[in-house]
$ cat query03.cif   # mmCIF, C-alpha atoms
data_input
#
loop_
_atom_site.label_atom_id
_atom_site.label_comp_id
_atom_site.auth_asym_id
_atom_site.auth_seq_id
_atom_site.Cartn_x
_atom_site.Cartn_y
_atom_site.Cartn_z
CA LYS A 1 23.53 45.48 67.71
CA ALA A 2 21.94 47.12 70.73
CA GLY A 3 18.19 47.57 70.66
CA VAL A 4 16.07 50.56 71.55
CA THR A 5 16.79 51.62 75.12
CA GLN A 6 14.29 53.44 77.28
CA THR A 7 15.08 54.88 80.68
CA PRO A 8 13.94 54.69 83.35
CA ARG A 9 11.93 51.45 83.32
CA TYR A 10 9.66 52.59 86.13
CA LEU A 11 8.77 56.00 87.46
CA ILE A 12 6.47 57.19 90.23
CA LYS A 13 5.41 60.82 90.35
CA THR A 14 2.72 62.87 92.04
CA ARG A 15 0.10 65.06 90.43
CA GLY A 16 1.38 68.43 89.29
CA GLN A 17 4.97 67.30 88.84
CA GLN A 18 6.72 67.02 85.53
CA VAL A 19 8.61 64.07 84.10
CA THR A 20 11.18 63.42 81.38
CA LEU A 21 11.53 60.08 79.66
CA SER A 22 14.47 59.09 77.49
CA CYS A 23 14.80 56.92 74.40
CA SER A 24 18.02 55.87 72.69
CA PRO A 25 17.33 54.46 69.22
CA ILE A 26 19.21 51.76 67.38
CA SER A 27 22.46 53.05 65.94
CA GLY A 28 21.85 54.62 62.52
CA HIS A 29 18.13 55.14 63.06
CA ARG A 30 17.00 58.73 62.62
CA SER A 31 13.31 58.40 63.41
CA VAL A 32 11.94 58.08 66.93
CA SER A 33 8.22 57.73 67.65
CA TRP A 34 6.48 57.76 71.01
CA TYR A 35 3.31 55.92 72.04
CA GLN A 36 1.18 55.92 75.16
CA GLN A 37 -0.36 52.59 76.20
CA THR A 38 -3.21 52.42 78.74
CA PRO A 39 -5.75 49.68 79.48
CA GLY A 40 -8.62 51.96 78.51
CA GLN A 41 -7.35 53.77 75.42
CA GLY A 42 -4.89 51.19 74.16
CA LEU A 43 -1.89 52.33 72.16
CA GLN A 44 -1.98 55.93 70.99
CA PHE A 45 0.56 57.81 68.91
CA LEU A 46 2.11 60.80 70.64
CA PHE A 47 4.64 62.19 68.16
CA GLU A 48 7.47 61.35 65.81
CA TYR A 49 10.84 63.00 65.38
CA PHE A 50 13.08 62.66 62.37
CA SER A 51 16.47 64.38 62.17
CA GLU A 52 15.64 66.63 65.14
CA THR A 53 12.33 67.81 63.63
CA GLN A 54 8.86 66.82 64.72
CA ARG A 55 7.37 65.11 61.68
CA ASN A 56 3.96 64.15 63.05
CA LYS A 57 1.95 64.70 66.19
CA GLY A 58 -0.95 62.86 67.78
CA ASN A 59 -3.96 64.28 69.54
CA PHE A 60 -2.51 65.01 72.96
CA PRO A 61 -2.54 68.23 75.00
CA GLY A 62 0.36 70.62 74.95
CA ARG A 63 1.57 69.24 78.29
CA PHE A 64 3.14 66.46 76.24
CA SER A 65 6.24 67.56 74.38
CA GLY A 66 9.34 66.02 72.98
CA ARG A 67 12.61 66.69 71.30
CA GLN A 68 15.34 64.89 69.47
CA PHE A 69 19.06 65.50 69.70
CA SER A 70 21.67 65.41 66.96
CA ASN A 71 22.62 61.84 67.95
CA SER A 72 18.95 60.84 67.40
CA ARG A 73 18.29 60.23 71.09
CA SER A 74 14.89 61.53 72.06
CA GLU A 75 13.22 62.75 75.20
CA MET A 76 9.58 63.31 75.95
CA ASN A 77 8.34 65.55 78.70
CA VAL A 78 5.02 65.64 80.46
CA SER A 79 4.32 68.72 82.57
CA THR A 80 1.69 69.18 85.26
CA LEU A 81 1.07 65.48 85.58
CA GLU A 82 -2.49 64.20 85.94
CA LEU A 83 -3.66 60.83 87.26
CA GLY A 84 -4.72 59.90 83.73
CA ASP A 85 -1.15 60.18 82.52
CA SER A 86 -0.36 56.90 84.27
CA ALA A 87 0.62 54.62 81.40
CA LEU A 88 3.30 52.64 79.68
CA TYR A 89 5.23 54.93 77.33
CA LEU A 90 6.84 53.16 74.41
CA CYS A 91 9.29 54.53 71.91
CA ALA A 92 10.16 53.05 68.56
CA SER A 93 12.93 53.76 66.12
CA SER A 94 13.56 53.24 62.42
CA PHE A 95 15.66 54.64 59.60
CA GLY A 96 12.63 56.78 58.79
CA HIS A 97 13.01 56.82 55.02
CA THR A 98 9.67 55.34 54.00
CA GLY A 99 6.28 54.71 55.53
CA GLY A 100 6.57 50.95 55.39
CA GLU A 101 9.70 50.45 57.40
CA LYS A 102 9.99 48.08 60.30
CA LEU A 103 9.78 49.80 63.66
CA PHE A 104 11.84 48.56 66.58
CA PHE A 105 10.31 49.15 69.99
CA GLY A 106 11.86 49.58 73.40
CA SER A 107 10.53 47.91 76.55
CA GLY A 108 8.87 51.09 77.71
CA THR A 109 8.76 53.31 80.76
CA GLN A 110 5.94 52.55 83.18
CA LEU A 111 4.79 55.87 84.67
CA SER A 112 2.57 55.91 87.74
CA VAL A 113 1.05 59.20 88.84
CA LEU A 114 -0.21 59.28 92.44
CA ALA B 1 -9.38 59.15 60.50
CA GLN B 2 -8.18 55.63 60.14
CA THR B 3 -9.41 53.07 62.66
CA VAL B 4 -8.41 49.51 63.43
CA THR B 5 -10.77 47.04 65.09
CA GLN B 6 -9.92 43.75 66.74
CA SER B 7 -13.18 42.11 67.71
CA GLN B 8 -11.71 39.31 69.83
CA PRO B 9 -10.43 40.58 73.18
CA GLU B 10 -9.24 37.07 74.11
CA MET B 11 -8.53 33.85 72.28
CA SER B 12 -7.15 30.50 73.34
CA VAL B 13 -5.59 27.65 71.43
CA GLN B 14 -4.16 24.26 72.23
CA GLU B 15 -0.47 23.78 71.70
CA ALA B 16 0.30 22.58 68.14
CA GLU B 17 -3.12 23.72 66.89
CA THR B 18 -3.95 26.63 64.56
CA VAL B 19 -5.61 29.88 65.57
CA THR B 20 -6.78 32.90 63.59
CA LEU B 21 -6.93 36.43 64.98
CA SER B 22 -9.24 38.92 63.27
CA CYS B 23 -8.63 42.53 62.34
CA THR B 24 -10.61 45.01 60.28
CA TYR B 25 -9.66 48.56 59.45
CA ASP B 26 -11.16 51.62 57.91
CA THR B 27 -9.33 53.94 55.52
CA SER B 28 -9.97 55.91 52.37
CA GLU B 29 -6.37 55.51 51.25
CA SER B 30 -5.34 53.03 48.56
CA ASP B 31 -1.70 52.68 49.58
CA TYR B 32 -0.84 51.74 53.13
CA TYR B 33 0.81 49.11 55.29
CA LEU B 34 -0.61 46.65 57.78
CA PHE B 35 1.21 44.96 60.63
CA TRP B 36 0.75 42.43 63.37
CA TYR B 37 2.74 43.08 66.52
CA LYS B 38 3.18 40.77 69.50
CA GLN B 39 3.59 42.10 73.03
CA PRO B 40 4.71 39.48 75.58
CA PRO B 41 4.80 40.18 79.33
CA SER B 42 8.20 41.82 78.82
CA ARG B 43 6.16 44.66 77.21
CA GLN B 44 8.41 45.02 74.18
CA MET B 45 6.45 45.17 70.95
CA ILE B 46 7.78 42.67 68.41
CA LEU B 47 6.88 42.76 64.73
CA VAL B 48 5.31 39.48 63.64
CA ILE B 49 4.40 40.19 60.02
CA ARG B 50 4.00 43.07 57.57
CA GLN B 51 1.80 43.50 54.48
CA GLU B 52 1.92 46.18 51.80
CA ALA B 53 -1.56 47.04 50.54
CA TYR B 54 -0.44 47.10 46.90
CA LYS B 55 0.66 43.47 47.10
CA GLN B 56 -2.08 40.92 46.47
CA GLN B 57 0.01 38.06 47.77
CA ASN B 58 -0.51 37.33 51.44
CA ALA B 59 2.58 37.72 53.63
CA THR B 60 4.05 34.69 55.38
CA GLU B 61 6.70 34.41 58.07
CA ASN B 62 7.37 30.82 59.12
CA ARG B 63 4.33 29.71 61.19
CA PHE B 64 2.61 33.10 60.79
CA SER B 65 0.56 34.06 57.77
CA VAL B 66 -2.10 36.63 56.96
CA ASN B 67 -5.29 36.68 54.99
CA PHE B 68 -5.42 40.15 53.48
CA GLN B 69 -8.73 41.10 51.90
CA LYS B 70 -8.31 44.67 50.65
CA ALA B 71 -11.85 45.19 49.42
CA ALA B 72 -13.27 43.93 52.70
CA LYS B 73 -10.60 45.84 54.67
CA SER B 74 -9.78 42.70 56.59
CA PHE B 75 -6.37 41.53 57.79
CA SER B 76 -6.41 38.34 59.84
CA LEU B 77 -3.41 36.55 61.34
CA LYS B 78 -3.10 32.78 61.29
CA ILE B 79 -0.72 31.08 63.68
CA SER B 80 0.01 27.46 62.80
CA ASP B 81 1.50 24.84 65.11
CA SER B 82 0.98 27.14 68.11
CA GLN B 83 3.72 27.13 70.72
CA LEU B 84 3.69 28.14 74.38
CA GLY B 85 5.93 31.06 73.49
CA ASP B 86 3.23 32.47 71.21
CA ALA B 87 1.17 33.46 74.26
CA ALA B 88 1.00 37.26 74.27
CA MET B 89 -1.09 40.28 73.33
CA TYR B 90 -1.38 40.65 69.57
CA PHE B 91 -1.97 44.04 68.01
CA CYS B 92 -3.04 44.81 64.48
CA ALA B 93 -1.70 48.13 63.20
CA TYR B 94 -2.13 50.39 60.18
CA ARG B 95 0.26 52.90 58.67
CA GLU B 96 -0.26 55.24 55.76
CA GLU B 97 2.05 55.39 52.80
CA GLY B 98 4.38 58.34 53.21
CA GLY B 99 7.16 59.57 55.41
CA SER B 100 5.48 59.40 58.80
CA GLU B 101 5.98 56.41 61.06
CA LYS B 102 2.63 56.88 62.81
CA LEU B 103 0.92 53.58 63.58
CA VAL B 104 -2.79 53.25 64.38
CA PHE B 105 -3.31 50.23 66.62
CA GLY B 106 -6.27 48.04 67.40
CA LYS B 107 -7.15 47.30 71.04
CA GLY B 108 -5.41 43.95 70.93
CA THR B 109 -6.22 40.26 71.36
CA LYS B 110 -4.85 38.31 74.30
CA LEU B 111 -3.78 34.88 73.11
CA THR B 112 -3.47 32.02 75.57
CA VAL B 113 -1.76 28.80 74.51
CA ASN B 114 -2.80 25.74 76.52
CA PRO B 115 -0.36 22.84 76.87
#

$ encode --input "query03.cif" --output "structure tokens"
Amino acid sequence: KAGVTQTPRYLIKTRGQQVTLSCSPISGHRSVSWYQQTPGQGLQFLFEYFSETQRNKGNFPGRFSGRQFSNSRSEMNVSTLELGDSALYLCASSFGHTGGEKLFFGSGTQLSVL
Amino acid sequence: AQTVTQSQPEMSVQEAETVTLSCTYDTSESDYYLFWYKQPPSRQMILVIRQEAYKQQNATENRFSVNFQKAAKSFSLKISDSQLGDAAMYFCAYREEGGSEKLVFGKGTKLTVNP
């Protein structure tokens, strides 16, 4: 079956712009989580959506937002981009029923803010 | 808040040899899950092995095994018969028991496999 698909793979934006990243989970998965990966801070949890509802949120400013659609596809949006938002953004999906489930990750979107 | 520490930023091993990657974590919870993920240059995170905290038996997946010491809050990964394809970043991760899929990751260990 198809894996987790993230689009686009690469993105270049300038400060002050906004950006939308997309994540299509594995068929049947209802949970989508987002992570930010940077060389300095490592991997940090952004938020998780389950059945169109945000189930958990990390410690990021309100400029970072997300949503999930009825087909479980998810988008995250970053408004008023800052240089420090340059990172690899990973999404992961699972069935979302328990805390110990295996997460399946996409290959990420590499965002560069100039 | 839970934290995960990987004290070895880089490790190297000869092909066919064994290497152990260290991970310690801090939590006040009694039920949780621990994971090792591998991230090759393709950037996709791949689950290597998973351990439930309530299980005393150490998890094993083919050439990969863990040494889980709950009291010491230690969770090391042993890779036996190392292969060139094992070269990657390895991340230790923690997840609480419950409905959320939030993972707390360590900073990672870069593993180099020498032929």

$ residues_around --input "query03.cif" --residues "Tyr54 (chain B)" --least-positions-apart "3" --cutoff "10 Å" --atoms "all atoms listed in the file" --output "PyMOL selection string"
chain B and resi 30-33+51+57+70

$ resolve_selection --input "query03.cif" --expression "the PyMOL selection byres ((chain A) within 10 of (chain B))" --output "ChimeraX atom specification"
/A:4,31-35,39-50,55-58,88,90-110

$ resolve_selection --input "query03.cif" --expression "the PyMOL selection byres ((chain A and resi 7) around 9)" --output "number ranges by chain"
A: 5-6, 8-10, 21-24, 108-109

$ resolve_selection --input "query03.cif" --expression "the PyMOL selection byres ((chain B and resi 24) around 6)" --output "PDB file with C-alpha atoms, in the frame of the given file"
ATOM      1  CA  VAL B   4      -8.410  49.510  63.430  1.00  0.00           C
ATOM      2  CA  THR B   5     -10.770  47.040  65.090  1.00  0.00           C
ATOM      3  CA  CYS B  23      -8.630  42.530  62.340  1.00  0.00           C
ATOM      4  CA  TYR B  25      -9.660  48.560  59.450  1.00  0.00           C
ATOM      5  CA  LYS B  73     -10.600  45.840  54.670  1.00  0.00           C
ATOM      6  CA  SER B  74      -9.780  42.700  56.590  1.00  0.00           C
TER       7      SER B  74
END

$ residues_around --input "query03.cif" --residues "Ala2 (chain A)" --least-positions-apart "4" --cutoff "10 Å" --atoms "only C-alpha atoms" --output "ChimeraX atom specification"
/A:24-27

$ atom_distance --input "query03.cif" --atom1 "CA of Asp86 (chain B)" --atom2 "CA of Val48 (chain B)"
10.5 Å

$ atom_distance --input "query03.cif" --atom1 "CA of Asp26 (chain B)" --atom2 "CA of Leu77 (chain B)"
17.3 Å

$ closest_residue --input "query03.cif" --among "A:Leu81, A:Asn71, A:Leu11, A:Leu114" --to "His29 (chain A)" --atoms "only C-alpha atoms"
A:Asn71

$ atom_distance --input "query03.cif" --atom1 "CA of Ser74 (chain A)" --atom2 "CA of Asn59 (chain A)"
19.2 Å

$ residues_around --input "query03.cif" --residues "Thr20 (chain B)" --least-positions-apart "4" --cutoff "8 Å" --atoms "all atoms listed in the file" --output "ChimeraX atom specification"
/B:76-79

$ write_last_selection --input "query03.cif" --atoms "C-alpha atoms" --output "JSON list (two decimals), keeping the file's coordinate frame"
[["chain", "number", "residue", "atom", "x", "y", "z"],
["B", 76, "SER", "CA", -6.41, 38.34, 59.84],
["B", 77, "LEU", "CA", -3.41, 36.55, 61.34],
["B", 78, "LYS", "CA", -3.10, 32.78, 61.29],
["B", 79, "ILE", "CA", -0.72, 31.08, 63.68]]

$ residues_near_point --input "query03.cif" --point "(17.6, 69.4, 61.6)" --cutoff "10 Å" --atoms "all atoms listed in the file" --output "list in words"
Phe50, Ser51, Glu52, Thr53, Gln54, Gln68, Phe69 and Ser70 of chain A

$ axis_aligned_box --input "query03.cif" --around "region 40-59 of chain B" --padding-each-side "6 Å" --output "JSON"
{"center_x": 3.2, "center_y": 42.2, "center_z": 62.9, "size_x": 22.5, "size_y": 21.8, "size_z": 44.9}

$ residues_near_point --input "query03.cif" --point "(-3.2, 39.1, 52.3)" --cutoff "6 Å" --atoms "only C-alpha atoms" --output "ChimeraX atom specification"
/B:57-58,66-69

$ build_atoms --input "query03.cif" --residues "region 95-114 of chain B" --atoms "N, CA and C atoms" --output "PDB file, in the coordinates of the input"
ATOM      1  N   ARG B  95      -0.565  51.713  58.895  1.00  0.00           N
ATOM      2  CA  ARG B  95       0.260  52.900  58.670  1.00  0.00           C
ATOM      3  C   ARG B  95       0.069  53.380  57.239  1.00  0.00           C
ATOM      4  N   GLU B  96      -0.080  54.658  57.090  1.00  0.00           N
ATOM      5  CA  GLU B  96      -0.260  55.240  55.760  1.00  0.00           C
ATOM      6  C   GLU B  96       1.029  55.185  54.965  1.00  0.00           C
ATOM      7  N   GLU B  97       0.896  55.223  53.674  1.00  0.00           N
ATOM      8  CA  GLU B  97       2.050  55.390  52.800  1.00  0.00           C
ATOM      9  C   GLU B  97       2.556  56.820  52.991  1.00  0.00           C
ATOM     10  N   GLY B  98       3.848  56.992  53.024  1.00  0.00           N
ATOM     11  CA  GLY B  98       4.380  58.340  53.210  1.00  0.00           C
ATOM     12  C   GLY B  98       5.505  58.327  54.210  1.00  0.00           C
ATOM     13  N   GLY B  99       5.983  59.498  54.564  1.00  0.00           N
ATOM     14  CA  GLY B  99       7.160  59.570  55.410  1.00  0.00           C
ATOM     15  C   GLY B  99       6.921  59.347  56.890  1.00  0.00           C
ATOM     16  N   SER B 100       5.703  59.511  57.372  1.00  0.00           N
ATOM     17  CA  SER B 100       5.480  59.400  58.800  1.00  0.00           C
ATOM     18  C   SER B 100       5.457  57.963  59.269  1.00  0.00           C
ATOM     19  N   GLU B 101       5.960  57.741  60.477  1.00  0.00           N
ATOM     20  CA  GLU B 101       5.980  56.410  61.060  1.00  0.00           C
ATOM     21  C   GLU B 101       4.795  56.168  61.991  1.00  0.00           C
ATOM     22  N   LYS B 102       3.771  57.014  61.914  1.00  0.00           N
ATOM     23  CA  LYS B 102       2.630  56.880  62.810  1.00  0.00           C
ATOM     24  C   LYS B 102       1.879  55.583  62.549  1.00  0.00           C
ATOM     25  N   LEU B 103       1.706  54.802  63.629  1.00  0.00           N
ATOM     26  CA  LEU B 103       0.920  53.580  63.580  1.00  0.00           C
ATOM     27  C   LEU B 103      -0.410  53.813  64.292  1.00  0.00           C
ATOM     28  N   VAL B 104      -1.487  53.272  63.716  1.00  0.00           N
ATOM     29  CA  VAL B 104      -2.790  53.250  64.380  1.00  0.00           C
ATOM     30  C   VAL B 104      -3.027  51.799  64.787  1.00  0.00           C
ATOM     31  N   PHE B 105      -3.198  51.578  66.088  1.00  0.00           N
ATOM     32  CA  PHE B 105      -3.310  50.230  66.620  1.00  0.00           C
ATOM     33  C   PHE B 105      -4.753  49.860  66.938  1.00  0.00           C
ATOM     34  N   GLY B 106      -5.044  48.565  66.841  1.00  0.00           N
ATOM     35  CA  GLY B 106      -6.270  48.040  67.400  1.00  0.00           C
ATOM     36  C   GLY B 106      -6.097  47.861  68.899  1.00  0.00           C
ATOM     37  N   LYS B 107      -7.184  47.438  69.585  1.00  0.00           N
ATOM     38  CA  LYS B 107      -7.150  47.300  71.040  1.00  0.00           C
ATOM     39  C   LYS B 107      -6.413  46.042  71.497  1.00  0.00           C
ATOM     40  N   GLY B 108      -6.178  45.138  70.580  1.00  0.00           N
ATOM     41  CA  GLY B 108      -5.410  43.950  70.930  1.00  0.00           C
ATOM     42  C   GLY B 108      -6.252  42.718  71.211  1.00  0.00           C
ATOM     43  N   THR B 109      -5.625  41.556  71.029  1.00  0.00           N
ATOM     44  CA  THR B 109      -6.220  40.260  71.360  1.00  0.00           C
ATOM     45  C   THR B 109      -5.242  39.507  72.243  1.00  0.00           C
ATOM     46  N   LYS B 110      -5.709  39.083  73.399  1.00  0.00           N
ATOM     47  CA  LYS B 110      -4.850  38.310  74.300  1.00  0.00           C
ATOM     48  C   LYS B 110      -4.938  36.840  73.920  1.00  0.00           C
ATOM     49  N   LEU B 111      -3.822  36.283  73.519  1.00  0.00           N
ATOM     50  CA  LEU B 111      -3.780  34.880  73.110  1.00  0.00           C
ATOM     51  C   LEU B 111      -3.191  34.024  74.220  1.00  0.00           C
ATOM     52  N   THR B 112      -3.932  33.007  74.598  1.00  0.00           N
ATOM     53  CA  THR B 112      -3.470  32.020  75.570  1.00  0.00           C
ATOM     54  C   THR B 112      -3.220  30.713  74.839  1.00  0.00           C
ATOM     55  N   VAL B 113      -2.088  30.087  75.117  1.00  0.00           N
ATOM     56  CA  VAL B 113      -1.760  28.800  74.510  1.00  0.00           C
ATOM     57  C   VAL B 113      -1.776  27.748  75.624  1.00  0.00           C
ATOM     58  N   ASN B 114      -2.643  26.784  75.491  1.00  0.00           N
ATOM     59  CA  ASN B 114      -2.800  25.740  76.520  1.00  0.00           C
ATOM     60  C   ASN B 114      -1.952  24.518  76.166  1.00  0.00           C
TER      61      ASN B 114
END
